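To be precise, the following lines are start-v1.cif, and they hold mmCIF, C-alpha atoms and all ligand atoms.
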data_protein
loop_
_atom_site.label_atom_id
_atom_site.label_comp_id
_atom_site.auth_asym_id
_atom_site.auth_seq_id
_atom_site.Cartn_x
_atom_site.Cartn_y
_atom_site.Cartn_z
CA MET G 1 5.31 0.65 -16.47
CA ARG G 2 4.71 -2.97 -17.34
CA ILE G 3 2.09 -4.16 -14.89
CA GLY G 4 0.69 -7.65 -14.36
CA ILE G 5 -2.85 -7.72 -12.98
CA VAL G 6 -4.23 -10.88 -11.43
CA CYS G 7 -7.90 -11.07 -10.51
CA TYR G 8 -11.08 -13.12 -10.64
CA PRO G 9 -12.52 -12.56 -14.11
CA THR G 10 -16.16 -12.96 -13.02
CA TYR G 11 -18.85 -10.42 -12.16
CA GLY G 12 -17.64 -9.87 -8.57
CA GLY G 13 -16.62 -6.40 -7.46
CA SER G 14 -12.92 -7.24 -7.11
CA GLY G 15 -12.67 -8.41 -10.72
CA VAL G 16 -14.62 -5.41 -11.99
CA LEU G 17 -12.40 -3.01 -10.04
CA ALA G 18 -9.20 -4.72 -11.20
CA THR G 19 -10.33 -4.67 -14.83
CA GLU G 20 -11.37 -1.02 -14.73
CA LEU G 21 -8.04 -0.18 -13.09
CA GLY G 22 -6.13 -2.03 -15.82
CA LYS G 23 -8.09 -0.21 -18.53
CA ALA G 24 -7.45 3.16 -16.91
CA LEU G 25 -3.72 2.42 -16.56
CA ALA G 26 -3.58 1.35 -20.21
CA ASP G 27 -5.26 4.64 -21.20
CA LYS G 28 -2.47 6.43 -19.36
CA GLY G 29 0.19 4.62 -21.40
CA HIS G 30 1.13 1.72 -19.12
CA MET G 31 1.40 -1.80 -20.56
CA VAL G 32 -1.12 -3.95 -18.72
CA HIS G 33 -1.03 -7.75 -18.68
CA PHE G 34 -4.10 -9.50 -17.26
CA ILE G 35 -3.39 -12.99 -15.95
CA THR G 36 -6.63 -14.91 -15.30
CA TYR G 37 -8.34 -18.20 -16.14
CA GLN G 38 -10.95 -16.47 -18.32
CA GLN G 39 -11.32 -13.14 -20.11
CA PRO G 40 -12.49 -10.62 -17.45
CA VAL G 41 -16.11 -9.58 -18.05
CA ARG G 42 -15.40 -5.89 -18.40
CA LEU G 43 -12.41 -6.47 -20.68
CA ASN G 44 -14.59 -6.35 -23.73
CA ALA G 45 -12.82 -4.13 -26.25
CA PHE G 46 -9.44 -4.03 -27.99
CA HIS G 47 -6.82 -1.77 -26.45
CA ALA G 48 -3.28 -1.52 -27.82
CA ASN G 49 -1.75 -1.51 -24.31
CA ILE G 50 -3.73 -4.43 -22.89
CA TYR G 51 -2.69 -8.07 -23.06
CA TYR G 52 -4.56 -11.08 -21.76
CA HIS G 53 -2.80 -14.27 -20.65
CA GLU G 54 -5.08 -17.19 -19.94
CA VAL G 55 -4.12 -19.58 -17.18
CA GLN G 56 -4.44 -23.12 -18.53
CA VAL G 57 -5.13 -25.77 -15.91
CA PRO G 58 -4.40 -29.21 -17.39
CA THR G 59 -6.39 -32.08 -15.91
CA TYR G 60 -5.11 -35.55 -15.12
CA PRO G 61 -7.05 -38.56 -13.80
CA LEU G 62 -5.06 -38.42 -10.56
CA PHE G 63 -6.35 -34.94 -9.76
CA ASP G 64 -9.63 -34.67 -7.91
CA PHE G 65 -8.68 -31.01 -7.63
CA PRO G 66 -6.55 -29.72 -10.54
CA PRO G 67 -3.77 -27.58 -8.99
CA TYR G 68 -4.88 -24.13 -10.16
CA GLU G 69 -2.44 -22.30 -7.89
CA SER G 70 0.56 -24.04 -9.48
CA ALA G 71 -0.73 -23.24 -12.96
CA LEU G 72 -1.30 -19.62 -11.98
CA SER G 73 2.17 -19.21 -10.43
CA SER G 74 3.78 -20.76 -13.52
CA THR G 75 1.83 -18.42 -15.81
CA MET G 76 2.89 -15.46 -13.66
CA VAL G 77 6.53 -16.56 -14.00
CA ASP G 78 6.15 -16.90 -17.77
CA VAL G 79 4.57 -13.44 -18.14
CA ILE G 80 7.06 -11.77 -15.78
CA LEU G 81 10.03 -13.15 -17.70
CA ASN G 82 8.75 -12.84 -21.24
CA GLN G 83 6.91 -9.56 -20.94
CA HIS G 84 9.50 -7.99 -18.63
CA LEU G 85 6.99 -6.98 -15.98
CA ASP G 86 7.97 -4.31 -13.47
CA LEU G 87 5.48 -5.48 -10.88
CA LEU G 88 2.45 -7.64 -10.15
CA HIS G 89 -0.77 -6.28 -8.68
CA VAL G 90 -2.99 -9.04 -7.33
CA HIS G 91 -6.63 -8.50 -6.40
CA TYR G 92 -8.28 -10.66 -3.71
CA ALA G 93 -5.80 -12.35 -1.39
CA ILE G 94 -6.88 -15.96 -1.96
CA PRO G 95 -5.02 -17.54 -3.71
CA HIS G 96 -3.48 -14.63 -5.60
CA ALA G 97 -1.15 -13.35 -2.88
CA SER G 98 0.43 -16.74 -2.17
CA THR G 99 0.77 -17.54 -5.89
CA ALA G 100 2.44 -14.16 -6.44
CA TYR G 101 4.80 -14.88 -3.55
CA LEU G 102 5.79 -18.18 -5.16
CA ALA G 103 6.26 -16.59 -8.60
CA LYS G 104 8.42 -13.88 -7.02
CA GLN G 105 10.65 -16.53 -5.41
CA ILE G 106 11.00 -18.42 -8.70
CA VAL G 107 11.98 -15.39 -10.80
CA GLY G 108 14.22 -14.25 -7.93
CA LYS G 109 16.33 -17.38 -8.45
CA GLN G 110 16.88 -16.12 -12.01
CA GLY G 111 17.99 -12.71 -10.78
CA ARG G 112 14.73 -10.89 -11.48
CA VAL G 113 13.27 -8.73 -8.71
CA VAL G 114 9.53 -8.30 -9.21
CA PRO G 115 7.57 -6.83 -6.31
CA PHE G 116 3.90 -7.64 -5.79
CA ILE G 117 1.07 -5.57 -4.39
CA THR G 118 -1.94 -7.22 -2.79
CA THR G 119 -5.29 -5.45 -2.77
CA LEU G 120 -7.72 -6.80 -0.20
CA HIS G 121 -11.33 -6.60 -1.33
CA GLY G 122 -13.55 -7.93 1.44
CA THR G 123 -14.58 -11.55 1.72
CA ASP G 124 -10.96 -12.61 1.17
CA ILE G 125 -10.49 -11.26 4.72
CA THR G 126 -13.85 -11.18 6.46
CA LEU G 127 -15.31 -14.50 5.34
CA VAL G 128 -13.11 -16.91 3.40
CA GLY G 129 -9.67 -15.73 4.52
CA LYS G 130 -10.53 -16.01 8.21
CA ASP G 131 -11.42 -19.67 7.82
CA LYS G 132 -8.72 -21.65 9.61
CA THR G 133 -8.19 -23.76 6.49
CA TYR G 134 -6.80 -20.73 4.70
CA ALA G 135 -5.76 -18.30 7.44
CA PRO G 136 -2.05 -19.22 7.84
CA VAL G 137 -1.40 -18.90 4.09
CA VAL G 138 -3.43 -15.69 3.82
CA SER G 139 -1.63 -14.12 6.76
CA PHE G 140 1.81 -15.16 5.50
CA SER G 141 1.28 -13.99 1.94
CA ILE G 142 -0.20 -10.64 2.98
CA ASN G 143 2.85 -10.03 5.17
CA GLU G 144 5.16 -11.01 2.31
CA SER G 145 3.49 -8.54 -0.09
CA ASP G 146 5.64 -5.56 -1.03
CA ALA G 147 2.61 -3.34 -0.45
CA ILE G 148 -0.91 -3.98 0.79
CA THR G 149 -4.01 -1.95 0.05
CA ALA G 150 -7.57 -2.23 1.34
CA VAL G 151 -10.63 -0.71 -0.28
CA SER G 152 -11.92 0.99 2.89
CA ASN G 153 -10.84 1.95 6.41
CA ASN G 154 -13.21 -0.66 7.73
CA LEU G 155 -11.53 -3.44 5.74
CA ARG G 156 -8.12 -2.20 6.88
CA GLU G 157 -9.24 -2.42 10.53
CA GLU G 158 -10.88 -5.84 9.99
CA THR G 159 -7.62 -7.13 8.50
CA TYR G 160 -5.59 -5.96 11.49
CA LYS G 161 -8.18 -7.52 13.83
CA SER G 162 -8.23 -10.89 12.08
CA PHE G 163 -4.56 -11.39 11.20
CA GLN G 164 -1.14 -10.60 12.65
CA ILE G 165 -0.18 -8.07 9.98
CA GLU G 166 3.19 -6.42 10.49
CA LYS G 167 3.04 -3.98 7.60
CA ASP G 168 1.15 -0.84 6.80
CA ILE G 169 -2.09 -1.30 4.89
CA GLU G 170 -2.88 1.68 2.68
CA VAL G 171 -6.53 2.51 2.00
CA ILE G 172 -7.27 3.14 -1.66
CA TYR G 173 -11.00 3.36 -2.21
CA ASN G 174 -12.98 1.84 -5.06
CA PHE G 175 -13.60 4.25 -7.92
CA VAL G 176 -16.16 4.99 -10.61
CA ASP G 177 -15.99 6.40 -14.10
CA LEU G 178 -18.43 9.31 -13.95
CA GLU G 179 -18.53 9.61 -17.72
CA ARG G 180 -19.77 6.08 -18.05
CA PHE G 181 -22.15 6.10 -15.10
CA LYS G 182 -23.77 9.37 -16.04
CA ARG G 183 -27.54 9.52 -15.72
CA ARG G 184 -29.14 9.62 -19.13
CA ASP G 185 -32.72 10.05 -20.16
CA LEU G 186 -33.79 6.59 -21.31
CA ALA G 187 -37.54 7.22 -21.35
CA HIS G 188 -38.30 4.33 -23.71
CA PHE G 189 -36.47 1.87 -21.47
CA ARG G 190 -38.13 3.23 -18.35
CA GLN G 191 -41.53 3.04 -20.05
CA ALA G 192 -40.92 -0.64 -20.89
CA ILE G 193 -40.19 -1.52 -17.26
CA ALA G 194 -42.66 0.81 -15.54
CA PRO G 195 -45.42 1.55 -18.11
CA ASN G 196 -47.70 3.28 -15.60
CA GLY G 197 -45.12 5.60 -14.09
CA GLU G 198 -44.25 3.24 -11.22
CA LYS G 199 -41.12 3.96 -9.17
CA ILE G 200 -38.18 1.66 -9.91
CA LEU G 201 -36.11 0.06 -7.17
CA LEU G 202 -32.87 -1.69 -8.07
CA HIS G 203 -30.58 -4.30 -6.55
CA VAL G 204 -27.37 -5.57 -8.15
CA SER G 205 -25.33 -8.42 -6.70
CA ASN G 206 -23.99 -11.92 -7.02
CA PHE G 207 -26.95 -13.27 -5.00
CA ARG G 208 -24.78 -14.67 -2.26
CA LYS G 209 -25.93 -15.04 1.35
CA VAL G 210 -23.82 -12.06 2.44
CA LYS G 211 -25.98 -9.80 0.21
CA ARG G 212 -29.25 -10.64 2.06
CA VAL G 213 -31.30 -10.54 -1.14
CA PRO G 214 -34.42 -11.82 0.73
CA ASP G 215 -34.32 -8.49 2.61
CA VAL G 216 -34.50 -6.69 -0.74
CA VAL G 217 -37.72 -8.54 -1.58
CA LYS G 218 -39.17 -7.94 1.91
CA VAL G 219 -38.44 -4.22 1.67
CA PHE G 220 -40.00 -4.11 -1.77
CA GLN G 221 -43.12 -5.94 -0.54
CA ARG G 222 -43.66 -3.24 2.10
CA VAL G 223 -43.01 -0.43 -0.40
CA ARG G 224 -45.39 -2.02 -2.90
CA GLN G 225 -48.15 -1.97 -0.27
CA GLN G 226 -47.79 1.82 -0.10
CA LEU G 227 -47.18 2.87 -3.69
CA PRO G 228 -46.91 1.56 -7.26
CA ALA G 229 -43.38 0.26 -7.81
CA LYS G 230 -41.24 -2.20 -9.72
CA LEU G 231 -38.12 -4.02 -8.57
CA LEU G 232 -35.23 -4.86 -10.88
CA LEU G 233 -32.90 -7.62 -9.72
CA VAL G 234 -29.63 -7.62 -11.63
CA GLY G 235 -27.06 -10.41 -11.36
CA ASP G 236 -27.17 -14.06 -10.61
CA GLY G 237 -25.90 -16.48 -7.98
CA PRO G 238 -26.69 -19.22 -5.49
CA ASP G 239 -29.66 -17.51 -3.79
CA ARG G 240 -31.55 -16.78 -7.00
CA PRO G 241 -33.85 -19.88 -6.91
CA THR G 242 -34.83 -19.05 -3.31
CA ILE G 243 -35.63 -15.49 -4.30
CA GLU G 244 -37.72 -16.62 -7.27
CA CYS G 245 -39.74 -18.88 -4.92
CA MET G 246 -40.15 -16.01 -2.49
CA CYS G 247 -41.50 -13.71 -5.21
CA ARG G 248 -44.07 -16.34 -6.20
CA GLU G 249 -45.15 -16.98 -2.60
CA LEU G 250 -45.56 -13.25 -2.00
CA HIS G 251 -47.46 -12.82 -5.31
CA LEU G 252 -44.95 -10.23 -6.46
CA CYS G 253 -43.96 -11.83 -9.78
CA ASP G 254 -45.67 -9.14 -11.85
CA ASP G 255 -43.66 -6.40 -10.22
CA ILE G 256 -40.24 -8.02 -9.91
CA ARG G 257 -38.00 -8.51 -12.94
CA PHE G 258 -34.92 -10.72 -12.85
CA VAL G 259 -32.75 -9.26 -15.54
CA GLY G 260 -29.68 -11.49 -15.07
CA LYS G 261 -26.11 -10.37 -15.53
CA GLN G 262 -25.99 -7.06 -17.35
CA GLU G 263 -23.01 -5.51 -19.06
CA GLN G 264 -24.82 -2.23 -19.69
CA LEU G 265 -25.30 -1.59 -16.00
CA GLU G 266 -25.24 2.15 -16.57
CA ASP G 267 -28.53 1.93 -18.52
CA VAL G 268 -30.29 0.07 -15.71
CA MET G 269 -28.93 2.58 -13.20
CA SER G 270 -30.18 5.47 -15.35
CA ILE G 271 -33.82 4.41 -15.09
CA SER G 272 -33.78 3.61 -11.36
CA ASP G 273 -35.07 5.70 -8.47
CA LEU G 274 -33.54 3.86 -5.50
CA PHE G 275 -30.75 1.34 -4.99
CA LEU G 276 -31.07 -1.30 -2.25
CA LEU G 277 -28.03 -2.92 -0.63
CA PRO G 278 -28.96 -4.54 2.70
CA SER G 279 -25.75 -6.65 2.94
CA GLU G 280 -24.58 -8.47 6.03
CA TYR G 281 -21.12 -7.13 5.21
CA GLU G 282 -19.72 -4.94 2.46
CA SER G 283 -16.11 -3.76 2.51
CA PHE G 284 -17.04 -0.85 0.24
CA GLY G 285 -20.06 -1.49 -2.01
CA LEU G 286 -18.90 -0.72 -5.54
CA ALA G 287 -22.38 -1.22 -7.01
CA ALA G 288 -23.73 1.41 -4.58
CA LEU G 289 -21.08 3.86 -5.78
CA GLU G 290 -22.00 3.21 -9.41
CA ALA G 291 -25.65 3.85 -8.49
CA MET G 292 -24.72 7.11 -6.76
CA ALA G 293 -22.76 8.24 -9.83
CA SER G 294 -26.00 7.65 -11.76
CA GLN G 295 -27.85 9.86 -9.27
CA VAL G 296 -29.62 6.97 -7.62
CA PRO G 297 -29.85 7.36 -3.80
CA VAL G 298 -28.85 4.28 -1.83
CA LEU G 299 -30.69 2.52 0.98
CA SER G 300 -28.14 0.23 2.56
CA SER G 301 -27.24 -1.49 5.77
CA ASN G 302 -24.63 0.18 7.94
CA ALA G 303 -22.32 -2.84 7.76
CA GLY G 304 -18.57 -2.72 7.10
CA GLY G 305 -17.38 0.14 4.92
CA LEU G 306 -20.83 1.19 3.70
CA PRO G 307 -20.96 4.26 6.00
CA GLU G 308 -17.74 5.47 4.31
CA VAL G 309 -19.59 5.51 0.98
CA ASN G 310 -23.28 6.07 1.70
CA ILE G 311 -23.75 9.14 3.87
CA HIS G 312 -26.93 8.96 5.96
CA GLY G 313 -29.35 11.72 4.94
CA LYS G 314 -27.08 13.01 2.15
CA THR G 315 -26.71 10.21 -0.40
CA GLY G 316 -29.34 7.83 0.96
CA PHE G 317 -30.02 6.17 4.29
CA LEU G 318 -28.28 3.61 6.47
CA SER G 319 -30.15 1.04 8.57
CA PRO G 320 -29.00 -1.77 10.87
CA VAL G 321 -28.56 -5.12 9.13
CA GLY G 322 -31.96 -6.85 8.86
CA ASP G 323 -34.01 -3.74 9.61
CA VAL G 324 -36.43 -4.35 6.77
CA ALA G 325 -39.13 -2.12 8.28
CA GLY G 326 -36.70 0.79 8.63
CA MET G 327 -35.43 0.44 5.08
CA ALA G 328 -38.98 0.25 3.72
CA ALA G 329 -39.98 3.35 5.71
CA HIS G 330 -37.02 5.28 4.25
CA ALA G 331 -37.94 4.09 0.75
CA VAL G 332 -41.56 5.17 1.06
CA GLU G 333 -40.53 8.52 2.57
CA LEU G 334 -38.22 9.24 -0.36
CA LEU G 335 -40.36 7.91 -3.15
CA SER G 336 -43.34 9.97 -1.97
CA ASP G 337 -41.45 13.24 -1.83
CA GLU G 338 -39.92 14.48 -5.10
CA ASN G 339 -38.01 17.30 -3.35
CA LYS G 340 -36.33 14.94 -0.90
CA LEU G 341 -35.53 12.51 -3.69
CA ALA G 342 -34.02 15.29 -5.80
CA ALA G 343 -31.87 16.50 -2.85
CA LEU G 344 -30.51 13.00 -2.27
CA ARG G 345 -29.87 12.48 -5.95
CA LYS G 346 -27.74 15.61 -5.94
CA GLY G 347 -25.96 14.48 -2.76
CA ALA G 348 -25.31 11.05 -4.26
CA LEU G 349 -23.65 12.53 -7.34
CA GLU G 350 -21.54 14.90 -5.23
CA GLN G 351 -20.33 12.03 -3.09
CA ALA G 352 -19.56 9.89 -6.17
CA GLN G 353 -17.31 12.69 -7.45
CA ARG G 354 -14.99 12.07 -4.49
CA PHE G 355 -14.38 8.58 -5.87
CA HIS G 356 -13.90 9.63 -9.48
CA ILE G 357 -11.50 7.39 -11.37
CA SER G 358 -9.19 10.35 -12.00
CA ASN G 359 -8.74 10.87 -8.23
CA ILE G 360 -8.08 7.25 -7.35
CA VAL G 361 -5.99 5.75 -10.17
CA PRO G 362 -3.05 8.16 -9.50
CA GLN G 363 -2.96 6.77 -5.94
CA TYR G 364 -2.21 3.31 -7.37
CA GLU G 365 0.39 4.76 -9.75
CA ALA G 366 2.13 6.56 -6.88
CA LEU G 367 2.16 3.32 -4.91
CA TYR G 368 3.65 1.42 -7.87
CA GLU G 369 6.45 4.01 -8.11
CA ARG G 370 7.22 3.71 -4.40
CA VAL G 371 7.24 -0.08 -4.51
CA ARG G 372 9.47 -0.11 -7.58
CA GLU G 373 11.96 2.29 -6.00
CA LYS G 374 12.16 0.12 -2.88
CA ALA G 375 12.57 -3.18 -4.78
O1 LIG Q 401 -19.47 -8.36 -3.30
C1 LIG Q 401 -19.03 -9.47 -3.59
O2 LIG Q 401 -19.46 -10.51 -3.12
C2 LIG Q 401 -17.91 -9.55 -4.58
C3 LIG Q 401 -16.66 -9.10 -3.94
C4 LIG Q 401 -15.46 -9.51 -4.74
O3 LIG Q 401 -14.44 -9.64 -4.09
O4 LIG Q 401 -15.48 -9.70 -5.92
O5 LIG Q 401 -16.72 -7.68 -3.75
C5 LIG Q 401 -15.90 -7.11 -2.77
O6 LIG Q 401 -15.01 -6.23 -3.45
C6 LIG Q 401 -15.62 -5.06 -4.02
C7 LIG Q 401 -14.55 -4.28 -4.77
O7 LIG Q 401 -13.53 -3.88 -3.93
C8 LIG Q 401 -16.28 -4.24 -2.91
O8 LIG Q 401 -16.85 -3.06 -3.43
C9 LIG Q 401 -17.36 -5.10 -2.25
O9 LIG Q 401 -17.94 -4.38 -1.19
C10 LIG Q 401 -16.73 -6.38 -1.70
N1 LIG Q 401 -17.79 -7.27 -1.20
C11 LIG Q 401 -17.89 -7.61 0.10
O10 LIG Q 401 -17.17 -7.15 0.96
C12 LIG Q 401 -19.00 -8.54 0.43
#

Give the structure from this file in structure tokens form.
Amino acid sequence: MRIGIVCYPTYGGSGVLATELGKALADKGHMVHFITYQQPVRLNAFHANIYYHEVQVPTYPLFDFPPYESALSSTMVDVILNQHLDLLHVHYAIPHASTAYLAKQIVGKQGRVVPFITTLHGTDITLVGKDKTYAPVVSFSINESDAITAVSNNLREETYKSFQIEKDIEVIYNFVDLERFKRRDLAHFRQAIAPNGEKILLHVSNFRKVKRVPDVVKVFQRVRQQLPAKLLLVGDGPDRPTIECMCRELHLCDDIRFVGKQEQLEDVMSISDLFLLPSEYESFGLAALEAMASQVPVLSSNAGGLPEVNIHGKTGFLSPVGDVAGMAAHAVELLSDENKLAALRKGALEQAQRFHISNIVPQYEALYERVREKA
């Protein structure tokens, strides 16, 4: 098939998922056309079946806000017509679903029928999409999608609660490439981070409020009082300056490393003992899944779809949002007992296998076939 993928090209989970999906589809022989304003971060190697179309947004003195949506719709139209796309798959409803709707109408006038699939990822529904400034457009464009998917049962339910959706929303979970996120022995790397055999805790995010990164530091502070440990903070975002201040105030600078945005996430995962994800909300928690694939047990909140991924007592532990003391107690319990840690590491890998890329990508392909037949 000739598939157009529209996503945010940045480090966020929706862009990562969309890019990995496009790469997997290309490996299976489909022609994949990415349509974004920047090269997606994980689209970092040549592939004969992958094309990248950059959305150009011309500026003009009249525009306080250059009309990105119009530029995106026009680029979609151009790619649909010139690359003979069979369908569009847009990731993150805002503004991709409404721009796809517009592109579909435009090519329809020229006799081309191109269905579009909208995948809901999380904050496009639970945070931004709900905002009354966007809600009518989000609701309309989801309903106009030829198929809708959500990345967890929780997100599916949240979407039905927040919007008047008249269509079926199919759950297709996030996935992980177990070959890539395979735990490897990187003793030299581990030695560089934890030279005295300290335990390594890890957090990966975009440092937004919804991630509750201050909770990560508070949990680490409690753990550090009990045993020698290091904390790796991967990613970057608006809360990072606050977190840096917090580390200084708590005199934890020697034990906390900010490693910024990392492309070789699998290496960082391979040297870690525990993954912390105390989010206020998480539709799925792709980073937690990647940690589990690397045999890193997860201590997370029980918000949103996290209980569908992180199984309490098997792959890690769940705690109520903000329960820093509970999370720290679980961390100390695990890090002080090698047998328990080993059992959870095994459980984490077993659970990750359920979400193996080879189980999930065919679900998207089957959906594409159904949508194409109906169009
Ligand atoms: O986590 C973020 O803030 C990024 C966000 C995105 O849309 O890029 O991630 C969302 O989509 C991921 C992929 O489907 C999910 O695994 C994340 O749980 C979800 N984030 C939230 O719901 C907060």

What are the nearest atom pairs, with distances in Å to one decimal, for all residues of chain G that come at most 6 Å from ligand LIG 401 (chain Q), using all atoms listed in the file, set out by chain and rising residue number as CSV?
residue,atom,partner,partner_atom,distance
G:Gly12,CA,Q:LIG401,O4,3.4
G:Gly13,CA,Q:LIG401,O4,3.8
G:Ser14,CA,Q:LIG401,O4,3.7
G:Gly15,CA,Q:LIG401,O4,5.7
G:Leu17,CA,Q:LIG401,C7,5.8
G:His121,CA,Q:LIG401,O6,4.3
G:Gly122,CA,Q:LIG401,O10,3.7
G:Thr123,CA,Q:LIG401,O10,5.2
G:Val151,CA,Q:LIG401,O7,5.6
G:Asn174,CA,Q:LIG401,O7,5.9
G:Tyr281,CA,Q:LIG401,C12,5.4
G:Glu282,CA,Q:LIG401,O10,3.7
G:Ser283,CA,Q:LIG401,O10,3.9
G:Phe284,CA,Q:LIG401,O9,3.9
G:Gly285,CA,Q:LIG401,O9,3.7
G:Leu286,CA,Q:LIG401,O8,3.8

When you draw a straight line from atom CA of Val321 of chain G to atom CA of Pro278 of chain G, how long is it in Å? 6.5 Å

To one decimal in Å, tell me the separation between atom CA of Ile243 of chain G and atom CA of Glu266 of chain G.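 Taking atom CA of Ile243 of chain G and atom CA of Glu266 of chain G, their separation equals 23.9 Å.
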
Expressed in Å, the length from atom CA of Leu367 of chain G to atom CA of Ala147 of chain G is 8.0 Å

Of the candidates G:Gly197, G:Pro238, G:Gly305, G:Pro214, which one gets nearest to Asp273 of chain G if we count only C-alpha atoms? G:Gly197

Cut-off 12 Å around (-44.6, 1.5, 1.1) with only C-alpha atoms: residues as a count of residues only: 28

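Compared by their closest atoms to Gly4 of chain G, and using only C-alpha atoms, the residues G:Leu299, G:Met31, G:Ala24, G:Leu88 rank with G:Leu88 nearest.
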
Using all atoms listed in the file for the distances, tell me which of G:Arg370, G:Arg2, G:His188, G:His91 is nearest to Ile142 of chain G. G:His91

Around (-7.6, -9.4, -1.4) in the file's own coordinates, what residues are found within 12 Å if you use only C-alpha atoms, given back as a PyMOL selection string? chain G and resi 6-8+13-15+17-18+89-98+117-129+138-139+141-142+145+147-151+155-156+159+169+283

So, with only C-alpha atoms as the atoms that count, which of G:Tyr368, G:Phe175, G:Phe63, G:Phe275 lies closest to Thr19 of chain G? G:Phe175

Given the choices G:Gly22, G:Asp254, G:Val213, G:Gln363, which gets closest to Pro241 of chain G if the distance is worked out from all atoms listed in the file?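 Using all atoms listed in the file, the shortest distance to Pro241 of chain G belongs to G:Val213.
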
Can you tell me, as a PyMOL selection string, what residues are no more than 9 Å from Leu25 of chain G when counting all atoms listed in the file, ignoring any on the same chain fewer than 3 positions away? chain G and resi 3+20-22+28-32+49+361+365

Where atoms are missing, can you supply N, CA and C atoms for segment 32-46 of chain G and output the lot as an mmCIF file, in the frame of the given file?
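Now in out.cif:
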data_model
loop_
_atom_site.group_PDB
_atom_site.id
_atom_site.type_symbol
_atom_site.label_atom_id
_atom_site.label_comp_id
_atom_site.auth_asym_id
_atom_site.auth_seq_id
_atom_site.Cartn_x
_atom_site.Cartn_y
_atom_site.Cartn_z
ATOM 1 N N VAL G 32 -0.416 -3.184 -19.751
ATOM 2 C CA VAL G 32 -1.120 -3.950 -18.720
ATOM 3 C C VAL G 32 -1.329 -5.387 -19.193
ATOM 4 N N HIS G 33 -0.904 -6.331 -18.347
ATOM 5 C CA HIS G 33 -1.030 -7.750 -18.680
ATOM 6 C C HIS G 33 -1.971 -8.404 -17.677
ATOM 7 N N PHE G 34 -3.165 -8.788 -18.142
ATOM 8 C CA PHE G 34 -4.100 -9.500 -17.260
ATOM 9 C C PHE G 34 -3.746 -10.977 -17.264
ATOM 10 N N ILE G 35 -3.683 -11.553 -16.077
ATOM 11 C CA ILE G 35 -3.390 -12.990 -15.950
ATOM 12 C C ILE G 35 -4.570 -13.613 -15.197
ATOM 13 N N THR G 36 -5.438 -14.320 -15.915
ATOM 14 C CA THR G 36 -6.630 -14.910 -15.300
ATOM 15 C C THR G 36 -7.001 -16.191 -16.059
ATOM 16 N N TYR G 37 -7.960 -16.940 -15.489
ATOM 17 C CA TYR G 37 -8.340 -18.200 -16.140
ATOM 18 C C TYR G 37 -9.418 -17.995 -17.212
ATOM 19 N N GLN G 38 -9.876 -16.769 -17.364
ATOM 20 C CA GLN G 38 -10.950 -16.470 -18.320
ATOM 21 C C GLN G 38 -10.884 -14.971 -18.615
ATOM 22 N N GLN G 39 -11.332 -14.577 -19.768
ATOM 23 C CA GLN G 39 -11.320 -13.140 -20.110
ATOM 24 C C GLN G 39 -12.203 -12.370 -19.111
ATOM 25 N N PRO G 40 -11.657 -11.363 -18.417
ATOM 26 C CA PRO G 40 -12.490 -10.620 -17.450
ATOM 27 C C PRO G 40 -13.717 -9.991 -18.122
ATOM 28 N N VAL G 41 -14.852 -10.009 -17.404
ATOM 29 C CA VAL G 41 -16.110 -9.580 -18.050
ATOM 30 C C VAL G 41 -16.073 -8.152 -18.586
ATOM 31 N N ARG G 42 -15.394 -7.278 -17.900
ATOM 32 C CA ARG G 42 -15.400 -5.890 -18.400
ATOM 33 C C ARG G 42 -14.240 -5.608 -19.370
ATOM 34 N N LEU G 43 -13.510 -6.654 -19.714
ATOM 35 C CA LEU G 43 -12.410 -6.470 -20.680
ATOM 36 C C LEU G 43 -12.968 -6.847 -22.052
ATOM 37 N N ASN G 44 -13.805 -5.943 -22.579
ATOM 38 C CA ASN G 44 -14.590 -6.350 -23.730
ATOM 39 C C ASN G 44 -14.276 -5.578 -25.009
ATOM 40 N N ALA G 45 -13.157 -4.854 -25.022
ATOM 41 C CA ALA G 45 -12.820 -4.130 -26.250
ATOM 42 C C ALA G 45 -11.307 -4.172 -26.451
ATOM 43 N N PHE G 46 -10.885 -4.009 -27.698
ATOM 44 C CA PHE G 46 -9.440 -4.030 -27.990
ATOM 45 C C PHE G 46 -8.785 -2.757 -27.449
#
